[in-house]
>>> print(open('protein32.txt').read())   # compact mmCIF, C-alpha atoms and all ligand atoms
# COMPACT_ATOMS: atom_id res chain seq x y z
CA MET A 1 -30.16 70.04 -28.12
CA LYS A 2 -29.03 66.85 -26.42
CA LEU A 3 -29.42 67.92 -22.78
CA GLU A 4 -32.47 70.19 -22.92
CA GLY A 5 -33.74 70.94 -19.39
CA ARG A 6 -31.34 68.52 -17.68
CA ILE A 7 -29.89 69.53 -14.30
CA ALA A 8 -26.12 69.03 -14.29
CA VAL A 9 -23.58 69.22 -11.48
CA VAL A 10 -19.99 69.61 -12.65
CA THR A 11 -17.05 69.52 -10.24
CA GLY A 12 -13.75 71.15 -11.17
CA SER A 13 -15.80 73.54 -13.29
CA ALA A 14 -13.54 76.61 -12.98
CA SER A 15 -10.75 75.42 -15.26
CA GLY A 16 -9.63 73.17 -18.09
CA ILE A 17 -11.67 70.06 -18.85
CA GLY A 18 -14.37 70.72 -16.22
CA ALA A 19 -14.92 74.26 -17.52
CA ALA A 20 -15.23 72.97 -21.10
CA ILE A 21 -17.71 70.32 -19.97
CA ALA A 22 -19.81 72.87 -18.06
CA GLU A 23 -19.88 75.07 -21.16
CA ALA A 24 -20.76 72.17 -23.48
CA PHE A 25 -23.56 70.98 -21.19
CA ALA A 26 -25.02 74.51 -21.09
CA ALA A 27 -24.73 74.81 -24.88
CA GLU A 28 -26.78 71.59 -25.15
CA GLY A 29 -29.56 73.09 -23.01
CA ALA A 30 -28.65 71.92 -19.49
CA ARG A 31 -28.84 74.04 -16.34
CA VAL A 32 -25.36 73.75 -14.92
CA ALA A 33 -24.15 74.05 -11.33
CA GLY A 34 -20.38 74.16 -10.94
CA ILE A 35 -18.56 73.09 -7.79
CA ASP A 36 -14.97 74.26 -7.47
CA LEU A 37 -12.61 75.88 -4.99
CA ARG A 38 -12.87 78.98 -7.20
CA PRO A 39 -15.87 80.69 -8.80
CA SER A 40 -16.81 79.20 -12.17
CA GLY A 41 -18.79 80.71 -15.01
CA CYS A 42 -21.75 78.38 -14.49
CA GLU A 43 -25.38 79.41 -14.07
CA LEU A 44 -25.01 78.33 -10.41
CA SER A 45 -21.45 78.69 -9.11
CA LEU A 46 -20.76 76.98 -5.80
CA GLU A 47 -17.42 77.31 -4.05
CA ALA A 48 -16.55 74.15 -2.16
CA ASP A 49 -13.63 71.83 -1.54
CA VAL A 50 -14.67 68.40 -2.85
CA THR A 51 -12.76 66.72 0.00
CA ASP A 52 -14.92 68.49 2.62
CA GLU A 53 -18.00 66.35 3.29
CA GLU A 54 -20.14 69.14 4.75
CA ALA A 55 -19.20 71.50 1.91
CA VAL A 56 -20.13 68.93 -0.77
CA ARG A 57 -23.37 68.02 1.00
CA GLY A 58 -24.22 71.73 1.22
CA ALA A 59 -23.36 72.41 -2.43
CA VAL A 60 -25.55 69.56 -3.69
CA ALA A 61 -28.34 70.70 -1.34
CA ALA A 62 -28.12 74.18 -2.92
CA VAL A 63 -28.57 72.65 -6.39
CA VAL A 64 -31.58 70.64 -5.24
CA GLU A 65 -33.08 73.66 -3.51
CA ARG A 66 -32.73 75.66 -6.76
CA TRP A 67 -33.71 73.01 -9.34
CA GLY A 68 -35.22 70.09 -7.40
CA ARG A 69 -33.07 67.20 -8.66
CA VAL A 70 -29.82 66.14 -10.32
CA ASP A 71 -29.85 64.49 -13.77
CA ILE A 72 -26.14 64.58 -14.60
CA LEU A 73 -23.03 64.45 -12.41
CA SER A 74 -19.63 65.10 -14.01
CA THR A 75 -16.67 64.80 -11.63
CA ASN A 76 -13.51 66.59 -12.79
CA ALA A 77 -11.86 68.16 -9.72
CA GLY A 78 -8.39 66.68 -9.69
CA ILE A 79 -4.76 67.35 -8.86
CA ALA A 80 -1.51 65.66 -9.80
CA VAL A 81 1.83 65.10 -8.08
CA ARG A 82 4.66 63.95 -10.32
CA LYS A 83 6.85 61.62 -8.24
CA PRO A 84 7.65 57.92 -7.91
CA VAL A 85 6.69 56.18 -4.66
CA GLU A 86 10.01 56.59 -2.81
CA GLU A 87 9.99 60.35 -3.29
CA LEU A 88 6.34 60.87 -2.42
CA GLU A 89 5.62 62.37 0.99
CA SER A 90 2.68 60.74 2.74
CA HIS A 91 0.85 64.09 2.87
CA ASP A 92 1.10 64.29 -0.97
CA TRP A 93 -0.29 60.77 -1.17
CA ASP A 94 -3.18 61.65 1.17
CA ARG A 95 -4.05 64.90 -0.61
CA VAL A 96 -4.15 63.41 -4.12
CA ILE A 97 -6.24 60.49 -2.89
CA ALA A 98 -8.53 62.94 -1.08
CA VAL A 99 -9.19 65.23 -4.06
CA ASN A 100 -9.18 62.65 -6.86
CA LEU A 101 -10.99 59.82 -5.08
CA ARG A 102 -12.72 60.97 -1.87
CA GLY A 103 -14.00 63.98 -3.85
CA VAL A 104 -15.55 61.69 -6.46
CA PHE A 105 -17.05 59.53 -3.72
CA LEU A 106 -18.56 62.49 -1.86
CA ALA A 107 -20.04 64.15 -4.96
CA SER A 108 -21.58 60.81 -5.97
CA LYS A 109 -22.83 60.02 -2.46
CA TYR A 110 -24.68 63.31 -2.11
CA ALA A 111 -25.92 63.60 -5.70
CA LEU A 112 -27.26 60.03 -6.05
CA PRO A 113 -30.25 60.38 -3.68
CA HIS A 114 -31.51 63.14 -6.01
CA MET A 115 -30.94 61.20 -9.25
CA GLY A 116 -33.68 59.18 -10.90
CA SER A 117 -34.26 56.91 -13.88
CA GLY A 118 -32.38 58.22 -16.94
CA ALA A 119 -29.74 60.08 -14.93
CA ALA A 120 -26.07 59.77 -15.84
CA ILE A 121 -22.74 60.05 -14.04
CA VAL A 122 -19.54 60.77 -15.97
CA HIS A 123 -16.34 60.48 -13.93
CA MET A 124 -13.00 61.80 -15.21
CA ALA A 125 -10.31 59.11 -15.13
CA SER A 126 -7.26 59.19 -17.46
CA VAL A 127 -5.34 57.04 -19.91
CA VAL A 128 -2.82 56.54 -17.11
CA GLY A 129 -5.52 54.72 -15.17
CA LEU A 130 -5.64 52.17 -18.01
CA THR A 131 -1.97 51.85 -18.94
CA GLY A 132 0.18 53.20 -16.12
CA THR A 133 2.89 55.78 -16.65
CA ARG A 134 6.20 56.69 -15.06
CA ASN A 135 6.61 59.08 -12.13
CA ARG A 136 2.95 59.56 -11.31
CA ALA A 137 2.36 56.82 -8.74
CA VAL A 138 -0.45 58.26 -6.69
CA TYR A 139 -2.15 60.08 -9.57
CA THR A 140 -2.17 56.87 -11.63
CA ALA A 141 -3.48 54.91 -8.63
CA THR A 142 -6.43 57.29 -8.26
CA LYS A 143 -7.28 57.10 -11.95
CA GLY A 144 -7.17 53.30 -11.99
CA ALA A 145 -9.42 53.37 -8.94
CA ILE A 146 -11.90 55.64 -10.73
CA VAL A 147 -12.14 53.10 -13.58
CA ALA A 148 -12.89 50.37 -11.00
CA LEU A 149 -15.31 52.59 -9.07
CA THR A 150 -17.15 53.39 -12.32
CA ARG A 151 -17.79 49.69 -13.00
CA ASN A 152 -18.92 49.08 -9.43
CA MET A 153 -21.28 52.07 -9.45
CA ALA A 154 -22.65 51.07 -12.87
CA LEU A 155 -23.69 47.73 -11.39
CA ASP A 156 -25.01 49.20 -8.14
CA TYR A 157 -27.25 51.76 -9.87
CA ALA A 158 -28.30 49.96 -13.06
CA GLY A 159 -31.46 48.83 -11.25
CA ARG A 160 -32.41 52.49 -10.82
CA ARG A 161 -31.56 53.08 -14.52
CA ILE A 162 -28.73 55.45 -13.61
CA ARG A 163 -25.79 55.05 -16.00
CA VAL A 164 -22.22 55.46 -14.74
CA ASN A 165 -19.28 55.81 -17.13
CA CYS A 166 -15.87 57.43 -17.13
CA ILE A 167 -13.65 59.14 -19.68
CA CYS A 168 -9.92 58.43 -19.97
CA PRO A 169 -8.37 61.46 -21.69
CA GLY A 170 -4.92 61.47 -23.18
CA PHE A 171 -2.64 64.42 -22.43
CA THR A 172 -4.79 67.53 -22.83
CA ARG A 173 -3.85 71.22 -22.83
CA THR A 174 -5.11 72.73 -19.57
CA PRO A 175 -3.63 74.76 -16.70
CA LEU A 176 -2.85 71.38 -15.01
CA THR A 177 -0.52 70.36 -17.84
CA GLU A 178 0.75 73.69 -19.18
CA LYS A 179 4.14 73.33 -17.45
CA LEU A 180 4.65 69.92 -19.11
CA PHE A 181 4.20 71.49 -22.53
CA ALA A 182 6.15 74.72 -21.93
CA ASP A 183 9.35 73.34 -23.46
CA PRO A 184 8.75 72.65 -27.20
CA GLU A 185 10.96 69.53 -27.23
CA ARG A 186 9.11 68.04 -24.31
CA GLU A 187 5.79 69.02 -25.88
CA ALA A 188 6.85 67.12 -29.03
CA ARG A 189 7.62 64.01 -26.94
CA PHE A 190 4.16 64.18 -25.37
CA THR A 191 2.55 64.75 -28.76
CA ALA A 192 4.34 61.68 -30.16
CA LEU A 193 2.51 59.50 -27.63
CA HIS A 194 -0.74 60.27 -29.47
CA PRO A 195 -0.87 58.63 -32.93
CA LEU A 196 -3.33 61.23 -34.23
CA GLY A 197 -0.45 63.71 -33.97
CA ARG A 198 -1.72 66.33 -31.55
CA LEU A 199 -2.43 66.86 -27.87
CA GLY A 200 -6.01 66.92 -26.65
CA GLU A 201 -8.04 70.07 -26.19
CA PRO A 202 -10.61 70.34 -23.37
CA GLU A 203 -13.36 70.47 -26.02
CA ASP A 204 -12.35 67.01 -27.31
CA VAL A 205 -13.13 65.63 -23.86
CA ALA A 206 -16.25 67.77 -23.40
CA ARG A 207 -17.85 66.36 -26.56
CA ALA A 208 -17.43 62.83 -25.17
CA ALA A 209 -18.91 63.94 -21.84
CA VAL A 210 -21.99 65.32 -23.64
CA PHE A 211 -22.37 62.00 -25.44
CA LEU A 212 -22.09 59.88 -22.28
CA ALA A 213 -24.44 62.22 -20.37
CA SER A 214 -27.07 62.16 -23.13
CA GLU A 215 -29.64 59.62 -24.29
CA ASP A 216 -27.36 58.89 -27.28
CA ALA A 217 -25.50 56.73 -24.73
CA GLY A 218 -28.73 55.34 -23.28
CA TRP A 219 -27.52 51.70 -23.40
CA ILE A 220 -23.95 52.39 -22.28
CA THR A 221 -22.91 51.94 -18.67
CA GLY A 222 -19.76 50.86 -16.85
CA VAL A 223 -17.35 51.81 -19.63
CA ALA A 224 -14.01 53.62 -19.45
CA LEU A 225 -13.92 55.55 -22.74
CA PRO A 226 -10.48 56.60 -23.97
CA VAL A 227 -10.53 60.03 -25.62
CA ASP A 228 -6.86 60.03 -26.40
CA GLY A 229 -5.86 60.41 -30.05
CA GLY A 230 -4.92 56.72 -30.07
CA PHE A 231 -2.67 56.77 -26.95
CA THR A 232 -4.10 53.47 -25.66
CA ALA A 233 -4.23 51.81 -29.10
CA GLY A 234 -0.61 50.70 -28.72
CA GLN A 235 2.95 51.81 -29.39
CA ALA A 236 3.02 54.86 -31.64
CA ALA A 237 6.71 54.40 -32.60
CA ASP A 238 7.48 53.15 -36.17
CA ILE A 239 9.48 50.01 -35.33
N1 LIG B 301 -5.18 67.71 -18.60
C1 LIG B 301 -4.92 66.44 -18.87
O1 LIG B 301 -4.01 66.09 -19.64
C2 LIG B 301 -5.76 65.36 -18.24
C3 LIG B 301 -5.66 64.06 -18.76
C4 LIG B 301 -6.42 63.05 -18.17
C5 LIG B 301 -7.27 63.33 -17.13
N2 LIG B 301 -7.34 64.60 -16.64
C6 LIG B 301 -8.25 64.83 -15.52
O2 LIG B 301 -9.21 65.81 -15.87
C7 LIG B 301 -9.65 66.50 -14.69
C8 LIG B 301 -9.52 67.99 -14.93
O3 LIG B 301 -8.14 68.29 -15.17
P1 LIG B 301 -7.65 69.63 -15.87
O4 LIG B 301 -6.47 69.27 -16.67
O5 LIG B 301 -8.81 70.34 -16.49
O6 LIG B 301 -7.12 70.42 -14.58
P2 LIG B 301 -7.27 71.95 -14.11
O7 LIG B 301 -6.21 72.13 -13.07
O8 LIG B 301 -7.29 72.87 -15.28
O9 LIG B 301 -8.72 71.97 -13.44
C9 LIG B 301 -8.97 71.30 -12.23
C10 LIG B 301 -10.04 72.06 -11.48
O10 LIG B 301 -10.31 71.33 -10.27
C11 LIG B 301 -10.42 72.27 -9.21
N3 LIG B 301 -10.07 71.64 -7.95
C12 LIG B 301 -8.87 71.15 -7.57
N4 LIG B 301 -8.92 70.69 -6.32
C13 LIG B 301 -10.21 70.89 -5.89
C14 LIG B 301 -10.89 70.65 -4.68
N5 LIG B 301 -10.25 70.11 -3.61
N6 LIG B 301 -12.19 70.97 -4.59
C15 LIG B 301 -12.84 71.55 -5.64
N7 LIG B 301 -12.24 71.82 -6.82
C16 LIG B 301 -10.94 71.50 -6.92
C17 LIG B 301 -9.43 73.37 -9.57
O11 LIG B 301 -9.72 74.59 -8.87
C18 LIG B 301 -9.61 73.47 -11.07
O12 LIG B 301 -10.61 74.41 -11.40
C19 LIG B 301 -8.77 65.98 -13.54
O13 LIG B 301 -9.49 64.98 -12.85
C20 LIG B 301 -7.59 65.38 -14.27
O14 LIG B 301 -6.98 64.36 -13.52
C21 LIG B 301 -6.61 65.62 -17.17
>>> encode(input="protein32.txt", output="structure tokens")
Amino acid sequence: MKLEGRIAVVTGSASGIGAAIAEAFAAEGARVAGIDLRPSGCELSLEADVTDEEAVRGAVAAVVERWGRVDILSTNAGIAVRKPVEELESHDWDRVIAVNLRGVFLASKYALPHMGSGAAIVHMASVVGLTGTRNRAVYTATKGAIVALTRNMALDYAGRRIRVNCICPGFTRTPLTEKLFADPEREARFTALHPLGRLGEPEDVARAAVFLASEDAGWITGVALPVDGGFTAGQAADI
């Protein structure tokens, strides 16, 4: 088991990629605390809004009270709004930035004091944070920022031997994306963006999270790892 006895905090643990990561961490022997707006199936399920500083501070305190420390932080709570800049309302902008970025900041801020040498942080970015995409201005901005934040945090905490990496998934089947894939023709267009010929499953991303959280990745920090069926390798069209 790759994470035997490790104490893991997973945000966005009630659904999709976060739920798969929480399950994979537990299957590898970790004790897992989930933080989500909704109850999650984790050993310790904490209901909190990741944008609420007191709620995040309290949730991390509950983990430390139960298990004494944090070895792994995996940040997945995220939302998306599909609009270009002109059509975005400023409250949409503020909310996506709050969940996708302030939430990552707050979870990191309150977990880090309880993390020691050998600990690992795995943020959830996206391929759109590496390449850009149409119609997702604020979502893409938050994911690009997570890639930058990951590098900065990797440098800031390398001295304490805490590794910080992020994953950039391609389009993955979860409740967040199910509407995008409801129409078979549209699903085929999304699939065609991934040279390996299929959409991602949450478990594809979870396996990468286990790797980055484990000692197998002991000399890896500051990377943005695409887990994307080849999406970022280049144009998939036969030209
Ligand atoms: N699905 C994809 O194609 C895809 C691709 C790349 C990156 N991602 C990223 O992966 C992460 C997980 O996405 P998913 O597809 O599993 O989505 P999802 O909607 O299935 O799960 C997101 C979870 O976050 C929780 N959440 C939302 N706002 C919250 C808040 N304010 N406080 C606490 N919890 C909150 C939700 O309750 C939900 O359980 C997100 O950061 C997303 O941007 C997803």
>>> residues_near_point(input="protein32.txt", point="(-3.6, 51.4, -8.9)", cutoff="12 Å", atoms="all atoms listed in the file", output="list in words")
Ile97, Leu101, Ala125, Val128, Gly129, Leu130, Thr131, Gly132, Thr133, Arg136, Ala137, Val138, Tyr139, Thr140, Ala141, Thr142, Lys143, Gly144, Ala145, Ile146, Val147, Ala148 and Leu149 of chain A
>>> closest_residue(input="protein32.txt", among="A:Ala224, A:Leu73, A:Ile7, A:Leu46", to="Thr150 in chain A", atoms="only C-alpha atoms")
A:Ala224
>>> axis_aligned_box(input="protein32.txt", around="ligand LIG 301 (chain B)", padding_each_side="4 Å", output="lines of an AutoDock Vina configuration file")
center_x = -8.4
center_y = 68.8
center_z = -11.6
size_x = 16.8
size_y = 19.5
size_z = 24.0
>>> closest_residue(input="protein32.txt", among="A:Ala182, A:Pro169, A:Asn135, A:Ala33", to="Glu65 in chain A", atoms="all atoms listed in the file")
A:Ala33
>>> residues_near_ligand(input="protein32.txt", ligand="ligand LIG 301 (chain B)", cutoff="7 Å", atoms="only C-alpha atoms and all ligand atoms", output="short mmCIF file (atom, residue, chain, number, x, y, z; two decimals) with C-alpha atoms, in the coordinates of the input")
data_model
loop_
_atom_site.label_atom_id
_atom_site.label_comp_id
_atom_site.auth_asym_id
_atom_site.auth_seq_id
_atom_site.Cartn_x
_atom_site.Cartn_y
_atom_site.Cartn_z
CA THR A 11 -17.05 69.52 -10.24
CA GLY A 12 -13.75 71.15 -11.17
CA SER A 13 -15.80 73.54 -13.29
CA ALA A 14 -13.54 76.61 -12.98
CA SER A 15 -10.75 75.42 -15.26
CA GLY A 16 -9.63 73.17 -18.09
CA ILE A 17 -11.67 70.06 -18.85
CA GLY A 18 -14.37 70.72 -16.22
CA ILE A 35 -18.56 73.09 -7.79
CA ASP A 36 -14.97 74.26 -7.47
CA LEU A 37 -12.61 75.88 -4.99
CA ARG A 38 -12.87 78.98 -7.20
CA ALA A 48 -16.55 74.15 -2.16
CA ASP A 49 -13.63 71.83 -1.54
CA VAL A 50 -14.67 68.40 -2.85
CA THR A 51 -12.76 66.72 0.00
CA ASN A 76 -13.51 66.59 -12.79
CA ALA A 77 -11.86 68.16 -9.72
CA GLY A 78 -8.39 66.68 -9.69
CA ILE A 79 -4.76 67.35 -8.86
CA ALA A 80 -1.51 65.66 -9.80
CA VAL A 99 -9.19 65.23 -4.06
CA ASN A 100 -9.18 62.65 -6.86
CA MET A 124 -13.00 61.80 -15.21
CA ALA A 125 -10.31 59.11 -15.13
CA SER A 126 -7.26 59.19 -17.46
CA VAL A 127 -5.34 57.04 -19.91
CA CYS A 168 -9.92 58.43 -19.97
CA PRO A 169 -8.37 61.46 -21.69
CA GLY A 170 -4.92 61.47 -23.18
CA PHE A 171 -2.64 64.42 -22.43
CA THR A 172 -4.79 67.53 -22.83
CA ARG A 173 -3.85 71.22 -22.83
CA THR A 174 -5.11 72.73 -19.57
CA PRO A 175 -3.63 74.76 -16.70
CA LEU A 176 -2.85 71.38 -15.01
CA THR A 177 -0.52 70.36 -17.84
#
>>> atom_distance(input="protein32.txt", atom1="CA of Ala26 in chain A", atom2="CA of Gly103 in chain A")
23.0 Å
>>> atom_distance(input="protein32.txt", atom1="CA of Ile162 in chain A", atom2="CA of Ala119 in chain A")
4.9 Å
>>> closest_residue(input="protein32.txt", among="A:Arg198, A:Arg151, A:Arg160, A:Arg69", to="Phe181 in chain A", atoms="only C-alpha atoms")
A:Arg198
>>> atom_distance(input="protein32.txt", atom1="CA of Thr75 in chain A", atom2="CA of Ile121 in chain A")
8.1 Å
